[in-house]
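Pasting data35.pdb here (PDB, C-alpha atoms (C1' of nucleotides)):
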ATOM      1  CA  MET A  16     -33.563 -18.981 -15.223  1.00  0.00           C
ATOM      2  CA  GLN A  17     -31.900 -17.302 -12.309  1.00  0.00           C
ATOM      3  CA  SER A  18     -28.523 -18.577 -11.267  1.00  0.00           C
ATOM      4  CA  LEU A  19     -28.559 -20.778  -8.225  1.00  0.00           C
ATOM      5  CA  LEU A  20     -24.919 -20.286  -7.318  1.00  0.00           C
ATOM      6  CA  PHE A  21     -22.775 -17.191  -7.113  1.00  0.00           C
ATOM      7  CA  PHE A  22     -19.123 -16.966  -7.856  1.00  0.00           C
ATOM      8  CA  LEU A  23     -17.540 -17.799  -4.559  1.00  0.00           C
ATOM      9  CA  CYS A  24     -14.235 -16.736  -3.117  1.00  0.00           C
ATOM     10  CA  LYS A  25     -12.103 -19.164  -1.216  1.00  0.00           C
ATOM     11  CA  VAL A  26     -11.593 -17.498   2.123  1.00  0.00           C
ATOM     12  CA  SER A  27      -8.119 -17.482   3.585  1.00  0.00           C
ATOM     13  CA  TYR A  28      -7.903 -17.398   7.331  1.00  0.00           C
ATOM     14  CA  GLU A  29      -4.182 -16.724   7.388  1.00  0.00           C
ATOM     15  CA  ARG A  30      -4.566 -12.962   7.599  1.00  0.00           C
ATOM     16  CA  GLY A  31      -7.154 -11.100   9.598  1.00  0.00           C
ATOM     17  CA  ASP A  32      -5.871  -7.653   8.724  1.00  0.00           C
ATOM     18  CA  ILE A  33      -7.301  -7.307   5.242  1.00  0.00           C
ATOM     19  CA  LEU A  34      -9.796  -4.511   4.763  1.00  0.00           C
ATOM     20  CA  LYS A  35     -13.333  -5.378   3.771  1.00  0.00           C
ATOM     21  CA  THR A  36     -14.454  -3.542   0.660  1.00  0.00           C
ATOM     22  CA  LYS A  37     -17.622  -2.657  -1.180  1.00  0.00           C
ATOM     23  CA  ILE A  38     -15.885  -2.965  -4.536  1.00  0.00           C
ATOM     24  CA  ALA A  39     -17.826  -6.009  -5.719  1.00  0.00           C
ATOM     25  CA  SER A  40     -21.229  -4.582  -4.863  1.00  0.00           C
ATOM     26  CA  LEU A  41     -20.378  -1.164  -6.301  1.00  0.00           C
ATOM     27  CA  ARG A  42     -19.116  -2.765  -9.478  1.00  0.00           C
ATOM     28  CA  LYS A  43     -22.290  -4.809  -9.892  1.00  0.00           C
ATOM     29  CA  LYS A  44     -24.451  -1.800  -9.156  1.00  0.00           C
ATOM     30  CA  HIS A  45     -22.676  -0.006 -12.003  1.00  0.00           C
ATOM     31  CA  LYS A  46     -23.059  -3.124 -14.203  1.00  0.00           C
ATOM     32  CA  LEU A  47     -19.365  -3.478 -14.881  1.00  0.00           C
ATOM     33  CA  THR A  48     -17.226  -6.558 -15.325  1.00  0.00           C
ATOM     34  CA  GLN A  49     -14.003  -6.988 -13.368  1.00  0.00           C
ATOM     35  CA  GLU A  50     -12.162  -6.510 -16.633  1.00  0.00           C
ATOM     36  CA  GLU A  51     -13.822  -3.169 -17.285  1.00  0.00           C
ATOM     37  CA  LEU A  52     -13.192  -1.850 -13.803  1.00  0.00           C
ATOM     38  CA  ALA A  53      -9.592  -3.052 -13.971  1.00  0.00           C
ATOM     39  CA  LEU A  54      -9.056  -1.207 -17.226  1.00  0.00           C
ATOM     40  CA  ALA A  55     -10.675   1.931 -15.855  1.00  0.00           C
ATOM     41  CA  VAL A  56      -8.412   2.131 -12.820  1.00  0.00           C
ATOM     42  CA  GLY A  57      -5.278   0.854 -14.519  1.00  0.00           C
ATOM     43  CA  VAL A  58      -4.691  -2.576 -13.011  1.00  0.00           C
ATOM     44  CA  THR A  59      -5.225  -6.158 -14.117  1.00  0.00           C
ATOM     45  CA  ARG A  60      -8.388  -8.177 -13.705  1.00  0.00           C
ATOM     46  CA  GLN A  61      -6.637 -10.446 -11.219  1.00  0.00           C
ATOM     47  CA  THR A  62      -5.970  -7.491  -8.973  1.00  0.00           C
ATOM     48  CA  ILE A  63      -9.673  -6.654  -8.894  1.00  0.00           C
ATOM     49  CA  THR A  64     -10.498 -10.275  -8.143  1.00  0.00           C
ATOM     50  CA  SER A  65      -7.973 -10.281  -5.328  1.00  0.00           C
ATOM     51  CA  LEU A  66      -9.393  -7.119  -3.804  1.00  0.00           C
ATOM     52  CA  GLU A  67     -12.990  -8.314  -4.093  1.00  0.00           C
ATOM     53  CA  CYS A  68     -12.089 -11.671  -2.573  1.00  0.00           C
ATOM     54  CA  GLU A  69     -10.023  -9.849   0.054  1.00  0.00           C
ATOM     55  CA  LYS A  70      -6.745 -11.577  -0.607  1.00  0.00           C
ATOM     56  CA  TYR A  71      -4.948  -8.362   0.261  1.00  0.00           C
ATOM     57  CA  THR A  72      -5.585  -4.671   0.839  1.00  0.00           C
ATOM     58  CA  ALA A  73      -5.291  -2.193  -2.030  1.00  0.00           C
ATOM     59  CA  SER A  74      -2.522   0.379  -2.114  1.00  0.00           C
ATOM     60  CA  LEU A  75      -3.446   3.950  -1.212  1.00  0.00           C
ATOM     61  CA  VAL A  76      -3.324   5.146  -4.805  1.00  0.00           C
ATOM     62  CA  LEU A  77      -5.406   2.277  -6.143  1.00  0.00           C
ATOM     63  CA  ALA A  78      -7.915   2.736  -3.334  1.00  0.00           C
ATOM     64  CA  TYR A  79      -8.240   6.384  -4.333  1.00  0.00           C
ATOM     65  CA  LYS A  80      -8.683   5.584  -8.011  1.00  0.00           C
ATOM     66  CA  ILE A  81     -11.401   3.039  -7.305  1.00  0.00           C
ATOM     67  CA  ALA A  82     -13.226   5.339  -4.918  1.00  0.00           C
ATOM     68  CA  GLN A  83     -12.996   8.217  -7.348  1.00  0.00           C
ATOM     69  CA  TYR A  84     -14.260   6.054 -10.178  1.00  0.00           C
ATOM     70  CA  PHE A  85     -17.450   5.436  -8.209  1.00  0.00           C
ATOM     71  CA  GLY A  86     -17.629   9.051  -7.079  1.00  0.00           C
ATOM     72  CA  LEU A  87     -17.008   8.143  -3.442  1.00  0.00           C
ATOM     73  CA  SER A  88     -14.398   8.787  -0.779  1.00  0.00           C
ATOM     74  CA  ILE A  89     -11.902   6.110   0.180  1.00  0.00           C
ATOM     75  CA  GLU A  90     -13.603   5.770   3.541  1.00  0.00           C
ATOM     76  CA  GLU A  91     -16.885   4.970   1.784  1.00  0.00           C
ATOM     77  CA  VAL A  92     -15.421   2.109  -0.232  1.00  0.00           C
ATOM     78  CA  PHE A  93     -13.184   0.461   2.363  1.00  0.00           C
ATOM     79  CA  ASP A  94     -14.257  -0.590   5.836  1.00  0.00           C
ATOM     80  CA  PHE A  95     -11.794   0.633   8.445  1.00  0.00           C
ATOM     81  CA  SER A  96     -13.943  -0.315  11.395  1.00  0.00           C
ATOM     82  CA  GLU A  97     -11.720  -3.233  12.328  1.00  0.00           C
ATOM     83  CA  VAL A  98      -8.443  -1.325  12.209  1.00  0.00           C
ATOM     84  CA  GLU A  99      -6.883  -1.427  15.658  1.00  0.00           C
ATOM     85  CA  GLU A 100      -7.822   1.658  17.604  1.00  0.00           C
ATOM     86  CA  LEU A 101      -5.102   4.196  18.240  1.00  0.00           C
TER      87      LEU A 101
ATOM     88  CA  MET B  16      18.950  32.535  18.126  1.00  0.00           C
ATOM     89  CA  GLN B  17      16.625  31.169  15.519  1.00  0.00           C
ATOM     90  CA  SER B  18      17.811  28.194  13.520  1.00  0.00           C
ATOM     91  CA  LEU B  19      19.007  29.028  10.064  1.00  0.00           C
ATOM     92  CA  LEU B  20      18.675  25.570   8.616  1.00  0.00           C
ATOM     93  CA  PHE B  21      15.841  23.084   8.647  1.00  0.00           C
ATOM     94  CA  PHE B  22      16.176  19.362   8.424  1.00  0.00           C
ATOM     95  CA  LEU B  23      16.328  18.710   4.742  1.00  0.00           C
ATOM     96  CA  CYS B  24      15.282  15.688   2.769  1.00  0.00           C
ATOM     97  CA  LYS B  25      17.334  14.453  -0.096  1.00  0.00           C
ATOM     98  CA  VAL B  26      14.911  14.428  -2.991  1.00  0.00           C
ATOM     99  CA  SER B  27      14.878  11.406  -5.259  1.00  0.00           C
ATOM    100  CA  TYR B  28      13.867  12.022  -8.834  1.00  0.00           C
ATOM    101  CA  GLU B  29      13.586   8.351  -9.648  1.00  0.00           C
ATOM    102  CA  ARG B  30       9.909   8.152  -8.855  1.00  0.00           C
ATOM    103  CA  GLY B  31       7.320  10.761  -9.648  1.00  0.00           C
ATOM    104  CA  ASP B  32       4.379   8.772  -8.380  1.00  0.00           C
ATOM    105  CA  ILE B  33       4.802   9.308  -4.648  1.00  0.00           C
ATOM    106  CA  LEU B  34       1.972  11.146  -2.936  1.00  0.00           C
ATOM    107  CA  LYS B  35       2.700  14.462  -1.278  1.00  0.00           C
ATOM    108  CA  THR B  36       1.615  14.539   2.343  1.00  0.00           C
ATOM    109  CA  LYS B  37       0.910  17.011   5.090  1.00  0.00           C
ATOM    110  CA  ILE B  38       2.272  14.660   7.728  1.00  0.00           C
ATOM    111  CA  ALA B  39       5.286  16.761   8.649  1.00  0.00           C
ATOM    112  CA  SER B  40       3.348  19.982   9.036  1.00  0.00           C
ATOM    113  CA  LEU B  41       0.534  18.282  10.953  1.00  0.00           C
ATOM    114  CA  ARG B  42       3.041  16.633  13.254  1.00  0.00           C
ATOM    115  CA  LYS B  43       4.779  19.927  13.975  1.00  0.00           C
ATOM    116  CA  LYS B  44       1.455  21.662  14.524  1.00  0.00           C
ATOM    117  CA  HIS B  45       0.688  19.035  17.146  1.00  0.00           C
ATOM    118  CA  LYS B  46       4.198  19.441  18.612  1.00  0.00           C
ATOM    119  CA  LEU B  47       5.107  15.799  18.219  1.00  0.00           C
ATOM    120  CA  THR B  48       8.414  14.150  17.385  1.00  0.00           C
ATOM    121  CA  GLN B  49       8.651  11.565  14.628  1.00  0.00           C
ATOM    122  CA  GLU B  50       9.230   8.995  17.342  1.00  0.00           C
ATOM    123  CA  GLU B  51       6.010   9.885  19.143  1.00  0.00           C
ATOM    124  CA  LEU B  52       3.914   9.833  16.003  1.00  0.00           C
ATOM    125  CA  ALA B  53       5.485   6.543  14.969  1.00  0.00           C
ATOM    126  CA  LEU B  54       4.607   4.987  18.300  1.00  0.00           C
ATOM    127  CA  ALA B  55       1.075   6.345  18.137  1.00  0.00           C
ATOM    128  CA  VAL B  56       0.323   4.805  14.757  1.00  0.00           C
ATOM    129  CA  GLY B  57       2.324   1.613  15.265  1.00  0.00           C
ATOM    130  CA  VAL B  58       5.284   1.957  12.919  1.00  0.00           C
ATOM    131  CA  THR B  59       8.953   2.827  13.276  1.00  0.00           C
ATOM    132  CA  ARG B  60      10.453   6.292  13.243  1.00  0.00           C
ATOM    133  CA  GLN B  61      12.172   5.518   9.953  1.00  0.00           C
ATOM    134  CA  THR B  62       8.815   4.885   8.333  1.00  0.00           C
ATOM    135  CA  ILE B  63       7.599   8.322   9.393  1.00  0.00           C
ATOM    136  CA  THR B  64      10.804   9.874   8.061  1.00  0.00           C
ATOM    137  CA  SER B  65      10.331   8.074   4.771  1.00  0.00           C
ATOM    138  CA  LEU B  66       6.757   9.258   4.434  1.00  0.00           C
ATOM    139  CA  GLU B  67       7.585  12.854   5.350  1.00  0.00           C
ATOM    140  CA  CYS B  68      10.500  12.888   2.919  1.00  0.00           C
ATOM    141  CA  GLU B  69       8.283  11.196   0.347  1.00  0.00           C
ATOM    142  CA  LYS B  70      10.468   8.186  -0.259  1.00  0.00           C
ATOM    143  CA  TYR B  71       7.354   6.107  -0.818  1.00  0.00           C
ATOM    144  CA  THR B  72       3.594   6.240  -0.357  1.00  0.00           C
ATOM    145  CA  ALA B  73       1.997   4.904   2.811  1.00  0.00           C
ATOM    146  CA  SER B  74      -0.157   1.796   2.767  1.00  0.00           C
ATOM    147  CA  LEU B  75      -3.914   2.296   2.959  1.00  0.00           C
ATOM    148  CA  VAL B  76      -4.128   1.177   6.567  1.00  0.00           C
ATOM    149  CA  LEU B  77      -1.245   3.348   7.723  1.00  0.00           C
ATOM    150  CA  ALA B  78      -2.678   6.309   5.830  1.00  0.00           C
ATOM    151  CA  TYR B  79      -5.942   5.783   7.675  1.00  0.00           C
ATOM    152  CA  LYS B  80      -4.273   5.537  11.063  1.00  0.00           C
ATOM    153  CA  ILE B  81      -2.292   8.736  10.532  1.00  0.00           C
ATOM    154  CA  ALA B  82      -5.331  10.632   9.274  1.00  0.00           C
ATOM    155  CA  GLN B  83      -7.427   9.383  12.154  1.00  0.00           C
ATOM    156  CA  TYR B  84      -4.746  10.340  14.650  1.00  0.00           C
ATOM    157  CA  PHE B  85      -5.006  13.932  13.467  1.00  0.00           C
ATOM    158  CA  GLY B  86      -8.782  13.775  13.274  1.00  0.00           C
ATOM    159  CA  LEU B  87      -8.786  14.118   9.501  1.00  0.00           C
ATOM    160  CA  SER B  88      -9.829  12.101   6.468  1.00  0.00           C
ATOM    161  CA  ILE B  89      -7.240  10.361   4.309  1.00  0.00           C
ATOM    162  CA  GLU B  90      -7.975  12.809   1.520  1.00  0.00           C
ATOM    163  CA  GLU B  91      -7.111  15.696   3.832  1.00  0.00           C
ATOM    164  CA  VAL B  92      -3.675  14.329   4.704  1.00  0.00           C
ATOM    165  CA  PHE B  93      -2.531  13.031   1.328  1.00  0.00           C
ATOM    166  CA  ASP B  94      -2.534  15.012  -1.883  1.00  0.00           C
ATOM    167  CA  PHE B  95      -4.121  13.038  -4.699  1.00  0.00           C
ATOM    168  CA  SER B  96      -4.189  15.929  -7.140  1.00  0.00           C
ATOM    169  CA  GLU B  97      -1.391  14.477  -9.233  1.00  0.00           C
ATOM    170  CA  VAL B  98      -2.841  10.996  -9.547  1.00  0.00           C
ATOM    171  CA  GLU B  99      -3.453  10.273 -13.217  1.00  0.00           C
ATOM    172  CA  GLU B 100      -7.008  11.101 -14.108  1.00  0.00           C
ATOM    173  CA  LEU B 101      -9.365   8.215 -14.849  1.00  0.00           C
TER     174      LEU B 101
ATOM    175  C1'  DA C  28     -26.248 -28.612 -26.447  1.00  0.00           C
ATOM    176  C1'  DT C  29     -22.672 -25.762 -27.391  1.00  0.00           C
ATOM    177  C1'  DA C  30     -19.881 -21.781 -27.234  1.00  0.00           C
ATOM    178  C1'  DA C  31     -18.494 -17.513 -25.250  1.00  0.00           C
ATOM    179  C1'  DA C  32     -18.124 -14.507 -21.334  1.00  0.00           C
ATOM    180  C1'  DA C  33     -17.234 -13.787 -16.490  1.00  0.00           C
ATOM    181  C1'  DT C  34     -15.154 -15.156 -12.318  1.00  0.00           C
ATOM    182  C1'  DG C  35     -11.851 -17.624  -9.071  1.00  0.00           C
ATOM    183  C1'  DT C  36      -7.328 -19.727  -8.566  1.00  0.00           C
ATOM    184  C1'  DC C  37      -2.475 -20.911  -8.665  1.00  0.00           C
ATOM    185  C1'  DA C  38       2.517 -20.219  -9.376  1.00  0.00           C
ATOM    186  C1'  DA C  39       6.281 -17.415 -10.278  1.00  0.00           C
ATOM    187  C1'  DG C  40       8.165 -13.003 -10.737  1.00  0.00           C
ATOM    188  C1'  DT C  41       8.719  -7.831  -9.927  1.00  0.00           C
ATOM    189  C1'  DA C  42       7.880  -3.767  -7.230  1.00  0.00           C
ATOM    190  C1'  DT C  43       6.765  -1.410  -3.252  1.00  0.00           C
ATOM    191  C1'  DA C  44       6.070  -0.880   1.979  1.00  0.00           C
ATOM    192  C1'  DC C  45       8.075  -1.479   6.247  1.00  0.00           C
ATOM    193  C1'  DT C  46      11.697  -3.159   9.781  1.00  0.00           C
ATOM    194  C1'  DT C  47      16.176  -3.306  11.918  1.00  0.00           C
ATOM    195  C1'  DT C  48      20.582  -1.534  12.885  1.00  0.00           C
ATOM    196  C1'  DG C  49      23.786   1.757  12.685  1.00  0.00           C
ATOM    197  C1'  DC C  50      25.811   6.149  11.581  1.00  0.00           C
ATOM    198  C1'  DA C  51      26.126  11.303  10.613  1.00  0.00           C
ATOM    199  C1'  DC C  52      24.908  15.948  11.459  1.00  0.00           C
ATOM    200  C1'  DG C  53      22.610  20.159  13.290  1.00  0.00           C
ATOM    201  C1'  DG C  54      20.366  22.444  17.168  1.00  0.00           C
ATOM    202  C1'  DA C  55      19.495  23.122  22.072  1.00  0.00           C
ATOM    203  C1'  DA C  56      20.861  22.994  26.676  1.00  0.00           C
ATOM    204  C1'  DT C  57      24.187  22.843  30.120  1.00  0.00           C
TER     205       DT C  57
ATOM    206  C1'  DA D   2      33.081  22.392  24.801  1.00  0.00           C
ATOM    207  C1'  DT D   3      30.330  18.550  25.726  1.00  0.00           C
ATOM    208  C1'  DT D   4      26.128  16.099  25.769  1.00  0.00           C
ATOM    209  C1'  DC D   5      21.597  14.993  24.292  1.00  0.00           C
ATOM    210  C1'  DC D   6      17.839  15.075  21.210  1.00  0.00           C
ATOM    211  C1'  DG D   7      15.648  15.133  16.794  1.00  0.00           C
ATOM    212  C1'  DT D   8      16.159  14.145  12.127  1.00  0.00           C
ATOM    213  C1'  DG D   9      18.026  12.107   7.535  1.00  0.00           C
ATOM    214  C1'  DC D  10      20.187   8.312   5.393  1.00  0.00           C
ATOM    215  C1'  DA D  11      21.897   3.726   3.889  1.00  0.00           C
ATOM    216  C1'  DA D  12      21.985  -1.300   3.399  1.00  0.00           C
ATOM    217  C1'  DA D  13      19.903  -5.613   4.012  1.00  0.00           C
ATOM    218  C1'  DG D  14      16.011  -8.241   5.003  1.00  0.00           C
ATOM    219  C1'  DT D  15      10.899  -9.428   5.275  1.00  0.00           C
ATOM    220  C1'  DA D  16       6.190  -8.695   3.905  1.00  0.00           C
ATOM    221  C1'  DT D  17       2.785  -7.117   0.972  1.00  0.00           C
ATOM    222  C1'  DA D  18       0.885  -5.340  -3.611  1.00  0.00           C
ATOM    223  C1'  DC D  19       0.556  -6.170  -8.280  1.00  0.00           C
ATOM    224  C1'  DT D  20       1.660  -8.578 -12.925  1.00  0.00           C
ATOM    225  C1'  DT D  21       1.712 -12.325 -16.212  1.00  0.00           C
ATOM    226  C1'  DG D  22       0.079 -16.442 -18.052  1.00  0.00           C
ATOM    227  C1'  DA D  23      -2.556 -20.313 -17.763  1.00  0.00           C
ATOM    228  C1'  DC D  24      -6.458 -23.242 -16.315  1.00  0.00           C
ATOM    229  C1'  DA D  25     -11.179 -24.689 -14.112  1.00  0.00           C
ATOM    230  C1'  DT D  26     -15.911 -23.738 -13.203  1.00  0.00           C
ATOM    231  C1'  DT D  27     -20.056 -21.105 -13.662  1.00  0.00           C
ATOM    232  C1'  DT D  28     -23.150 -18.028 -16.258  1.00  0.00           C
ATOM    233  C1'  DT D  29     -25.117 -16.223 -20.272  1.00  0.00           C
ATOM    234  C1'  DA D  30     -26.165 -16.368 -24.893  1.00  0.00           C
ATOM    235  C1'  DT D  31     -27.001 -18.795 -29.113  1.00  0.00           C
TER     236       DT D  31
END

Take the structure from the file and write it as structure tokens.
Amino acid sequence: MQSLLFFLCKVSYERGDILKTKIASLRKKHKLTQEELALAVGVTRQTITSLECEKYTASLVLAYKIAQYFGLSIEEVFDFSEVEEL
Amino acid sequence: MQSLLFFLCKVSYERGDILKTKIASLRKKHKLTQEELALAVGVTRQTITSLECEKYTASLVLAYKIAQYFGLSIEEVFDFSEVEEL
DNA sequence: ATAAAATGTCAAGTATACTTTGCACGGAAT
DNA sequence: ATTCCGTGCAAAGTATACTTGACATTTTAT
């Protein structure tokens, strides 16, 4: 039986400056658990959860490691479209 | 008379995990002061100094803004070659 | 029906990114 | 020689990124 509910993230409206990411969908496409991805890029599972639920924005180095793990560029994994124009 | 000395950064050997950047050379190529670049990307001059002297690594959003200012990708401005392989 | 695996969350702590202010020094111009 | 500009630095403070450990709910497997 298919699941009726997904794991849901509690959305925080305190900060509007957190980058949207494709981490969750990329991870599922590669059939990985958060734990496995965390191990692969050298952080804890909670950090992956936080990034997927957009609690904060990854550091530059972590962003690179995640992108590289999926064979993509940083710009392909994180959505910069809402960064204030220069 | 040509200058004999450049502005020099005191190198800290405490951390070996700070990304090398092309910010200083790009800024000079564009004939900008640190102050002007700082204003353009929305940080203080001291932050630009710190990044150029590699005191710490920029955040993902700041890295994006700097790269975009120069019309480059993040990967073209920051050197990820020494990031631990996955 | 039960157990195990996967995910989300919270609190407290450490580490890193960035700000603010102020000072020192070299180079350029007058 | 004096002044101004650009740069490097330091200390203290705030904000954000990440860790650790523990717990609740959902999903998957038995």

Exercise. Tell me the residues of chain C close to chain B, meaning within 10 Å using all atoms listed in the file, as number ranges by chain.
Key: C: 43-47, 52-54

Mind dumping the selected residues with C-alpha atoms (C1' of nucleotides) as a PDB file, in the coordinates of the input?
ATOM      1  C1'  DT C  43       6.765  -1.410  -3.252  1.00  0.00           C
ATOM      2  C1'  DA C  44       6.070  -0.880   1.979  1.00  0.00           C
ATOM      3  C1'  DC C  45       8.075  -1.479   6.247  1.00  0.00           C
ATOM      4  C1'  DT C  46      11.697  -3.159   9.781  1.00  0.00           C
ATOM      5  C1'  DT C  47      16.176  -3.306  11.918  1.00  0.00           C
ATOM      6  C1'  DC C  52      24.908  15.948  11.459  1.00  0.00           C
ATOM      7  C1'  DG C  53      22.610  20.159  13.290  1.00  0.00           C
ATOM      8  C1'  DG C  54      20.366  22.444  17.168  1.00  0.00           C
TER       9       DG C  54
END

| Distance of atom CA of A:Lys70 from atom CA of A:Ile38, expressed in Å to one decimal place |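 Atom CA of A:Ile38 sits 13.2 Å away from atom CA of A:Lys70.
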
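Counting all atoms listed in the file and comparing B:Lys80, B:Lys35, B:Arg42, B:Lys25, the residue that lies closest to chain D is B:Lys25.
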
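Matched residue by residue and fitted by least squares, the Cα atoms of chain A sit at an RMSD of 0.1 Å from chain B.
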
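Applied to this file, the PyMOL selection byres ((chain A) within 8 of (chain B)) selects the residues Ala55, Val56, Thr72, Ala73, Ser74, Leu75, Val76, Ala78, Tyr79, Lys80, Tyr84, Ser88, Ile89, Glu90, Phe95, Val98 and Leu101 of chain A.
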
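The interatomic distance for the pair atom C1' of D:DA16 and atom CA of B:Thr64 works out to 19.6 Å.
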
Chain and number of each residue from the PyMOL selection byres ((chain D) within 12 of (chain A)), as a compact mmCIF listing (two decimals) with C-alpha atoms (C1' of nucleotides), keeping the file's coordinate frame:
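Below you can see selection25.txt, which holds the result:
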# COMPACT_ATOMS: atom_id res chain seq x y z
C1' DA D 16 6.19 -8.70 3.90
C1' DT D 17 2.78 -7.12 0.97
C1' DA D 18 0.88 -5.34 -3.61
C1' DC D 19 0.56 -6.17 -8.28
C1' DT D 20 1.66 -8.58 -12.92
C1' DT D 21 1.71 -12.32 -16.21
C1' DG D 22 0.08 -16.44 -18.05
C1' DT D 26 -15.91 -23.74 -13.20
C1' DT D 27 -20.06 -21.10 -13.66
C1' DT D 28 -23.15 -18.03 -16.26
C1' DT D 29 -25.12 -16.22 -20.27

Residue members of the PyMOL selection byres ((chain C and resi 57) around 12) in the file shown, as a PyMOL selection string
(chain C and resi 55-56) or (chain D and resi 2-5)

Item to check | Gap from atom C1' of C:DA42 to atom C1' of D:DA12 - Å, one decimal | outcome: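 Distance reported for this atom pair: 17.8 Å.
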
Using all atoms of stretch 64-74 of chain B listed in the file and a margin of 4 Å per side, can you give the axis-aligned box centre and edge lengths in Å to one decimal, as lines of an AutoDock Vina configuration file?
center_x = 5.3
center_y = 7.3
center_z = 3.6
size_x = 19.0
size_y = 19.1
size_z = 16.9

**OP:** Find the residues near D:DC24: any atom within 12 Å, counting all atoms listed in the file, skip ones fewer than 5 places away on the same chain, and give them as a PyMOL selection string.
**Re:** chain C and resi 35-38
